[in-house]
Every structure is written in structure tokens, then in C-alpha cells.
$ cat model36.txt   # compact mmCIF, C-alpha atoms
# COMPACT_ATOMS: atom_id res chain seq x y z
CA GLY K 3 71.23 80.21 122.26
CA PHE K 4 69.71 82.08 125.17
CA ALA K 5 73.05 83.72 125.92
CA VAL K 6 73.21 85.09 122.37
CA VAL K 7 69.69 86.50 122.72
CA ALA K 8 70.63 88.08 126.05
CA VAL K 9 73.70 89.76 124.52
CA LEU K 10 71.62 91.10 121.61
CA ALA K 11 68.99 92.40 124.03
CA LEU K 12 71.64 94.19 126.08
CA ALA K 13 73.11 95.73 122.92
CA THR K 14 69.63 96.91 121.90
CA VAL K 15 68.99 98.53 125.27
CA THR K 16 72.37 100.27 125.07
CA LEU K 17 71.71 101.61 121.57
CA VAL K 18 68.24 102.82 122.52
CA GLY K 19 69.71 104.61 125.53
CA LEU K 20 72.34 106.27 123.38
CA HIS K 21 70.33 107.23 120.31
CA ALA K 22 66.58 107.30 121.01
CA PRO K 23 65.17 110.82 121.58
CA ARG K 24 64.51 111.61 125.23
CA ASP K 25 60.93 112.78 124.89
CA ARG K 26 59.07 113.94 127.97
CA GLY K 27 56.00 112.08 129.09
CA ASP K 28 52.54 113.43 128.32
CA PRO K 29 51.21 115.00 131.56
CA ALA K 30 47.64 114.51 130.34
CA ALA K 31 48.07 110.76 129.87
CA SER K 32 46.00 108.48 132.09
CA PRO K 33 44.81 104.88 132.15
CA MET K 34 41.25 105.98 131.39
CA ARG K 35 42.35 107.97 128.36
CA GLU K 36 44.25 104.97 127.06
CA LEU K 37 41.20 102.75 127.47
CA THR K 38 39.24 104.98 125.09
CA ALA K 39 40.99 103.09 122.28
CA LEU K 40 38.75 100.11 123.06
CA GLN K 41 35.71 102.20 122.08
CA ARG K 42 36.95 102.53 118.50
CA PRO K 43 35.80 99.82 116.05
CA GLN K 44 38.79 100.53 113.79
CA VAL K 45 41.15 99.56 116.60
CA TRP K 46 39.45 96.18 116.98
CA LEU K 47 39.37 95.58 113.23
CA THR K 48 43.06 96.43 112.89
CA LEU K 49 43.93 94.11 115.76
CA LEU K 50 41.84 91.37 114.17
CA THR K 51 43.62 91.91 110.85
CA GLY K 52 46.96 91.28 112.54
CA ALA K 53 45.77 88.39 114.71
CA ILE K 54 44.34 86.50 111.73
CA GLY K 55 46.55 87.70 108.88
CA PHE K 56 49.81 87.13 110.73
CA GLY K 57 48.73 83.68 111.88
CA GLY K 58 49.51 82.26 108.45
CA LEU K 59 53.21 82.97 108.76
CA PHE K 60 53.38 81.17 112.11
CA ALA K 61 51.36 78.22 110.81
CA VAL K 62 54.25 77.41 108.47
CA TYR K 63 57.21 78.68 110.50
CA THR K 64 56.39 76.55 113.55
CA TYR K 65 56.71 73.32 111.57
CA VAL K 66 59.61 74.23 109.25
CA ALA K 67 62.13 72.00 111.00
CA SER K 68 59.81 68.97 110.97
CA THR K 69 58.96 69.62 107.32
CA MET K 70 62.62 69.75 106.35
CA ILE K 71 63.38 66.45 108.06
CA GLU K 72 60.25 64.48 107.12
CA VAL K 73 59.28 66.00 103.75
CA THR K 74 62.41 67.56 102.24
CA HIS K 75 64.52 64.73 103.74
CA VAL K 76 67.61 66.79 104.54
CA SER K 77 69.99 66.66 107.47
CA GLU K 78 69.06 68.49 110.66
CA SER K 79 72.22 70.56 110.18
CA TYR K 80 70.40 72.53 107.44
CA VAL K 81 67.63 73.67 109.77
CA PRO K 82 69.55 76.63 111.31
CA LEU K 83 70.58 77.76 107.82
CA VAL K 84 67.00 77.81 106.51
CA LEU K 85 65.75 79.56 109.65
CA SER K 86 68.48 82.16 109.15
CA ILE K 87 67.25 82.67 105.60
CA PHE K 88 63.78 83.25 107.05
CA GLY K 89 65.29 85.89 109.35
CA VAL K 90 66.99 87.66 106.45
CA GLY K 91 63.68 87.74 104.58
CA LEU K 92 61.92 89.10 107.65
CA THR K 93 64.50 91.86 108.09
CA LEU K 94 64.34 92.93 104.44
CA GLY K 95 60.57 92.69 104.49
CA ASN K 96 60.32 95.07 107.44
CA LEU K 97 62.65 97.58 105.78
CA ALA K 98 60.69 97.45 102.52
CA SER K 99 57.27 97.59 104.16
CA ALA K 100 58.22 100.65 106.20
CA TRP K 101 59.34 102.44 103.02
CA LEU K 102 56.15 101.45 101.20
CA ALA K 103 53.89 102.36 104.13
CA ASP K 104 55.23 105.92 104.05
CA ARG K 105 53.83 106.18 100.54
CA SER K 106 50.50 104.38 101.00
CA LEU K 107 49.68 102.58 104.23
CA PRO K 108 46.43 100.87 103.11
CA ARG K 109 47.94 99.64 99.83
CA THR K 110 50.97 98.29 101.68
CA VAL K 111 48.82 96.26 104.08
CA ILE K 112 46.67 94.94 101.21
CA GLY K 113 49.74 94.13 99.11
CA LEU K 114 51.50 92.26 101.91
CA LEU K 115 48.40 90.24 102.78
CA LEU K 116 48.03 89.27 99.11
CA TRP K 117 51.75 88.43 99.06
CA ASN K 118 51.24 86.12 102.05
CA VAL K 119 48.21 84.48 100.45
CA VAL K 120 50.31 83.56 97.40
CA VAL K 121 53.64 82.56 98.97
CA LEU K 122 52.03 80.49 101.71
CA ALA K 123 49.92 78.67 99.12
CA LEU K 124 53.13 77.90 97.19
CA PHE K 125 54.83 76.38 100.24
CA PRO K 126 53.38 72.84 99.78
CA LEU K 127 54.58 72.85 96.16
CA MET K 128 58.14 73.93 97.01
CA ALA K 129 58.84 72.01 100.21
CA GLY K 130 60.16 68.90 98.49
CA ASN K 131 63.51 70.37 97.44
CA LEU K 132 66.01 72.17 99.66
CA TRP K 133 66.68 74.98 97.17
CA THR K 134 63.04 75.75 96.47
CA LEU K 135 62.23 75.39 100.16
CA ALA K 136 64.91 77.95 101.07
CA LEU K 137 63.50 80.33 98.45
CA ILE K 138 59.90 80.07 99.64
CA ILE K 139 60.94 80.39 103.28
CA PHE K 140 62.76 83.62 102.38
CA LEU K 141 59.63 84.92 100.64
CA ILE K 142 57.42 83.92 103.57
CA GLY K 143 59.81 85.71 105.91
CA ALA K 144 59.60 88.84 103.76
CA GLY K 145 55.82 88.75 104.22
CA GLY K 146 56.45 89.22 107.93
CA GLY K 147 56.98 92.89 107.10
CA LEU K 148 53.21 93.14 107.58
CA GLY K 149 53.81 93.94 111.25
CA THR K 150 55.24 97.40 110.52
CA PRO K 151 52.28 98.87 108.59
CA ILE K 152 49.78 97.18 110.92
CA GLN K 153 51.48 98.91 113.85
CA ALA K 154 51.35 102.25 112.02
CA ARG K 155 47.68 101.74 111.15
CA LEU K 156 46.87 100.94 114.76
CA MET K 157 48.57 104.09 115.99
CA ASP K 158 46.63 106.12 113.40
CA VAL K 159 43.21 104.85 114.48
CA ALA K 160 43.84 104.80 118.26
CA GLY K 161 43.59 108.56 118.71
CA GLU K 162 45.26 109.66 121.95
CA ALA K 163 45.57 106.10 123.30
CA GLN K 164 48.97 105.49 121.72
CA THR K 165 50.50 103.49 124.57
CA LEU K 166 47.66 101.00 124.75
CA ALA K 167 47.63 100.73 120.96
CA ALA K 168 51.31 99.76 120.93
CA ALA K 169 50.71 97.15 123.64
CA LEU K 170 47.65 95.71 121.91
CA HIS K 171 49.62 95.29 118.69
CA HIS K 172 51.91 92.81 120.43
CA SER K 173 48.90 91.09 121.98
CA ALA K 174 47.43 90.56 118.50
CA PHE K 175 50.83 89.33 117.30
CA ASN K 176 50.92 86.73 120.09
CA ILE K 177 47.37 85.62 119.30
CA ALA K 178 48.53 85.03 115.74
CA ASN K 179 51.50 83.10 117.14
CA ALA K 180 49.06 80.79 118.90
CA LEU K 181 46.30 80.63 116.27
CA GLY K 182 48.48 79.71 113.29
CA PRO K 183 50.35 76.79 114.88
CA TRP K 184 47.14 75.51 116.50
CA LEU K 185 45.26 75.37 113.19
CA GLY K 186 48.32 73.99 111.46
CA GLY K 187 48.60 71.29 114.11
CA LEU K 188 44.94 70.38 113.64
CA SER K 189 45.53 69.97 109.91
CA ILE K 190 48.57 67.77 110.49
CA ALA K 191 46.75 65.68 113.11
CA ALA K 192 43.85 65.21 110.68
CA GLY K 193 46.26 63.50 108.29
CA PHE K 194 46.75 66.23 105.69
CA GLY K 195 50.53 66.27 106.20
CA LEU K 196 53.10 68.81 107.28
CA VAL K 197 52.93 70.81 104.06
CA SER K 198 49.21 71.46 104.61
CA THR K 199 50.27 74.23 106.96
CA GLY K 200 50.87 76.30 103.83
CA TRP K 201 47.21 76.07 102.83
CA ILE K 202 46.14 76.90 106.38
CA GLY K 203 48.48 79.89 106.36
CA SER K 204 47.18 81.10 103.01
CA ALA K 205 43.59 80.90 104.26
CA LEU K 206 44.49 82.89 107.37
CA ALA K 207 46.17 85.58 105.29
CA LEU K 208 43.06 85.73 103.11
CA GLY K 209 40.91 86.08 106.23
CA GLY K 210 43.09 88.94 107.47
CA LEU K 211 42.72 90.62 104.07
CA GLY K 212 38.95 90.34 104.31
CA VAL K 213 38.92 91.97 107.74
CA PHE K 214 41.16 94.81 106.56
CA LEU K 215 39.02 95.49 103.49
CA LEU K 216 35.97 95.63 105.79
CA SER K 217 37.85 98.10 107.99
CA LEU K 218 38.59 100.36 105.02
CA ALA K 219 34.99 100.15 103.78
CA LEU K 220 33.62 101.16 107.18
CA GLU K 221 36.16 103.97 107.41
CA ARG K 222 35.09 105.37 104.04
CA ARG K 223 31.42 105.09 104.98
CA THR K 224 32.01 106.94 108.24
CA ALA K 225 33.92 109.66 106.41
CA ARG K 226 31.04 110.10 103.92
CA LEU K 227 28.46 110.37 106.70
CA ALA K 228 30.61 112.97 108.46
CA VAL K 229 30.57 115.28 105.45
CA VAL K 230 28.03 118.06 105.86
CA PRO K 231 26.64 119.34 102.51
CA CYS K 232 27.29 123.02 101.82
CA GLU K 233 24.23 125.20 101.29
$ encode --input "model36.txt" --output "C-alpha cells"
Amino acid sequence: GFAVVAVLALATVTLVGLHAPRDRGDPAASPMRELTALQRPQVWLTLLTGAIGFGGLFAVYTYVASTMIEVTHVSESYVPLVLSIFGVGLTLGNLASAWLADRSLPRTVIGLLLWNVVVLALFPLMAGNLWTLALIIFLIGAGGGLGTPIQARLMDVAGEAQTLAAALHHSAFNIANALGPWLGGLSIAAGFGLVSTGWIGSALALGGLGVFLLSLALERRTARLAVVPCE
């Protein structure tokens, strides 16, 4: 498994070297300029949107194999197949979300968070059958396309601190990768069962939506205050 990942990584590096534009570095860039991103409330709110909203996907994904064996009652041999279906959904979700974000970034983020609220809430109801489980896992994977518009939003609100913004996006993603499974594990340990991770995930997606709506409201308020009336 690790060898396959290593080969794919090498292929990616090769393709980037061959096809990515060779832009020159910004001579005005500096660590202090990058740190100015941390002074912007919109940067923090966007990071929080990703850290909470993305946690729902990981709350379910982390325990998919255990759910299949203990709840769906299928052979372990089906686990790689279902995880592959998740990957297909994630790939298609990223392609679709990038296309939608070009047309309306805020609506795309809101739509994907609502999508995650719904599909994650449906997970406990569809985990008992292999066919319905595969379908809902595909739909949950498609909701992973949220990462693309969140990244674009972060770059938009970071001003000149683009490098730090890109790095912080992955930090928020990894926080989500820890938060979701942790809360899901607490739910399982409390006796609510493996499928309860779907409800946890849905709540996290709803929390991310709330943070993003707050971000947009503050952005609109700031824009109104910045308008100087004409005499």
C-alpha cells in the first residue's frame, strides 16, 4: 500500500515539474507579510469553517470499515471496494465544486455544507445494507469537494499572505481529521453505536455552516460600513 502511494507521489511530482507554470517568486514576500493574515478575522472564520465543517466527513470515514463488519455484516473483502467508491465520490465532488465555485463561491460553500448535513444524517439509516451503504458513502465522499471552495475563499480573504493561507488550510483540514474521529469515538464509547458517527458528522457540518454564515454576515457589515455616502 505504501509503495503504491509512493509511486503516485513520484508521478505527481513529475507531472507538476513538466506542466506547472514556472512562476518567479515574489521579491516583496517576507515572513512578516505572511503573518498579517492572522490579523484578519475572515481568515480565522474561514479556517474554523473548514476545521468544523470538514470534521463530519472524517467522523464517518474513520469508522467505515468497522461499521461494515459489525453493522452491515459483510465480508472484510468488501471494505476496499467501498473505500474506493468513497474515493470516486471525492474526486467527482472536487471537480464539481471547483466548477460551481467559479460561478458563486459563497453559494457553493453553503450548498456543500448543507449537502453534508443531509447525507451524513442519512448514514445511520443506510448503513444496514451493502448497496445503500455504498451509495451513501459515495455521496459523503462527494461532499468532500468542500475543500476546494474553502481553499479559494481562504486565498481571497488572506490578502497578500497567500503562502501562509495555503498552509493554514491544510492545518484546518488536519484539525478536522482529528476532531471528527475523536467526537465519533466518544459517541461510540458512550454506547450510541457505530452508526451514531453519522449524527455527529451532520452536527459538525451544521456547525461549520453556522460559522460560514457568520463570516458572510460580518463581511457584508464591514462592506456597508466602508461605504462613504456621496454628498
$ atom_distance --input "model36.txt" --atom1 "CA of Phe56 in chain K" --atom2 "CA of Thr14 in chain K"
24.8 Å
$ closest_residue --input "model36.txt" --among "K:Gly195, K:Ala168, K:Phe125, K:Ala163" --to "Ala30 in chain K" --atoms "all atoms listed in the file"
K:Ala163
$ atom_distance --input "model36.txt" --atom1 "CA of Ala219 in chain K" --atom2 "CA of Gly149 in chain K"
21.2 Å
$ residues_around --input "model36.txt" --residues "range 85-92 of chain K" --least-positions-apart "6" --cutoff "10 Å" --atoms "only C-alpha atoms" --output "PyMOL selection string"
chain K and resi 63+66-67+98+136-148
$ atom_distance --input "model36.txt" --atom1 "CA of Ser99 in chain K" --atom2 "CA of Leu166 in chain K"
23.0 Å
$ closest_residue --input "model36.txt" --among "K:Pro43, K:Gly3, K:Gly113, K:Gly58" --to "Pro151 in chain K" --atoms "all atoms listed in the file"
K:Gly113
$ closest_residue --input "model36.txt" --among "K:Leu83, K:Ile190, K:Leu181, K:Ala61" --to "Leu122 in chain K" --atoms "all atoms listed in the file"
K:Ala61
$ closest_residue --input "model36.txt" --among "K:Tyr80, K:Phe214, K:Phe4, K:Tyr65" --to "Ser189 in chain K" --atoms "only C-alpha atoms"
K:Tyr65
$ closest_residue --input "model36.txt" --among "K:Pro108, K:Gly210, K:Gly27, K:Gly203" --to "Arg155 in chain K" --atoms "all atoms listed in the file"
K:Pro108
$ residues_near_point --input "model36.txt" --point "(48.9, 90.9, 114.0)" --cutoff "10 Å" --atoms "only C-alpha atoms" --output "PyMOL selection string"
chain K and resi 48-57+146+148-150+152-153+170-179+210
$ build_atoms --input "model36.txt" --residues "range 16-33 of chain K" --atoms "N, CA and C atoms" --output "short mmCIF file (atom, residue, chain, number, x, y, z; two decimals), keeping the file's coordinate frame"
data_model
loop_
_atom_site.label_atom_id
_atom_site.label_comp_id
_atom_site.auth_asym_id
_atom_site.auth_seq_id
_atom_site.Cartn_x
_atom_site.Cartn_y
_atom_site.Cartn_z
N THR K 16 71.28 99.28 125.08
CA THR K 16 72.37 100.27 125.07
C THR K 16 72.19 101.26 123.92
N LEU K 17 71.88 100.74 122.73
CA LEU K 17 71.71 101.61 121.57
C LEU K 17 70.49 102.51 121.71
N VAL K 18 69.42 101.99 122.27
CA VAL K 18 68.24 102.82 122.52
C VAL K 18 68.58 103.94 123.49
N GLY K 19 69.32 103.59 124.55
CA GLY K 19 69.71 104.61 125.53
C GLY K 19 70.60 105.69 124.94
N LEU K 20 71.41 105.31 123.98
CA LEU K 20 72.34 106.27 123.38
C LEU K 20 71.69 107.13 122.30
N HIS K 21 70.77 106.56 121.53
CA HIS K 21 70.33 107.23 120.31
C HIS K 21 68.85 107.60 120.26
N ALA K 22 68.01 106.97 121.06
CA ALA K 22 66.58 107.30 121.01
C ALA K 22 66.35 108.68 121.62
N PRO K 23 65.45 109.47 121.02
CA PRO K 23 65.17 110.82 121.58
C PRO K 23 64.57 110.71 122.98
N ARG K 24 64.97 111.62 123.84
CA ARG K 24 64.51 111.61 125.23
C ARG K 24 63.27 112.51 125.36
N ASP K 25 62.17 112.01 124.83
CA ASP K 25 60.93 112.78 124.89
C ASP K 25 60.36 112.77 126.31
N ARG K 26 59.74 113.88 126.68
CA ARG K 26 59.07 113.94 127.97
C ARG K 26 57.71 113.23 127.90
N GLY K 27 57.30 112.73 129.03
CA GLY K 27 56.00 112.08 129.09
C GLY K 27 54.87 113.08 128.94
N ASP K 28 53.72 112.59 128.48
CA ASP K 28 52.54 113.43 128.32
C ASP K 28 51.86 113.59 129.68
N PRO K 29 51.82 114.82 130.23
CA PRO K 29 51.21 115.00 131.56
C PRO K 29 49.72 114.71 131.57
N ALA K 30 49.08 114.76 130.40
CA ALA K 30 47.64 114.51 130.34
C ALA K 30 47.30 113.02 130.20
N ALA K 31 48.31 112.19 130.05
CA ALA K 31 48.07 110.76 129.87
C ALA K 31 47.50 110.14 131.13
N SER K 32 46.60 109.18 130.95
CA SER K 32 46.00 108.48 132.09
C SER K 32 45.50 107.13 131.61
N PRO K 33 45.35 106.19 132.55
CA PRO K 33 44.81 104.88 132.15
C PRO K 33 43.44 104.98 131.48
#
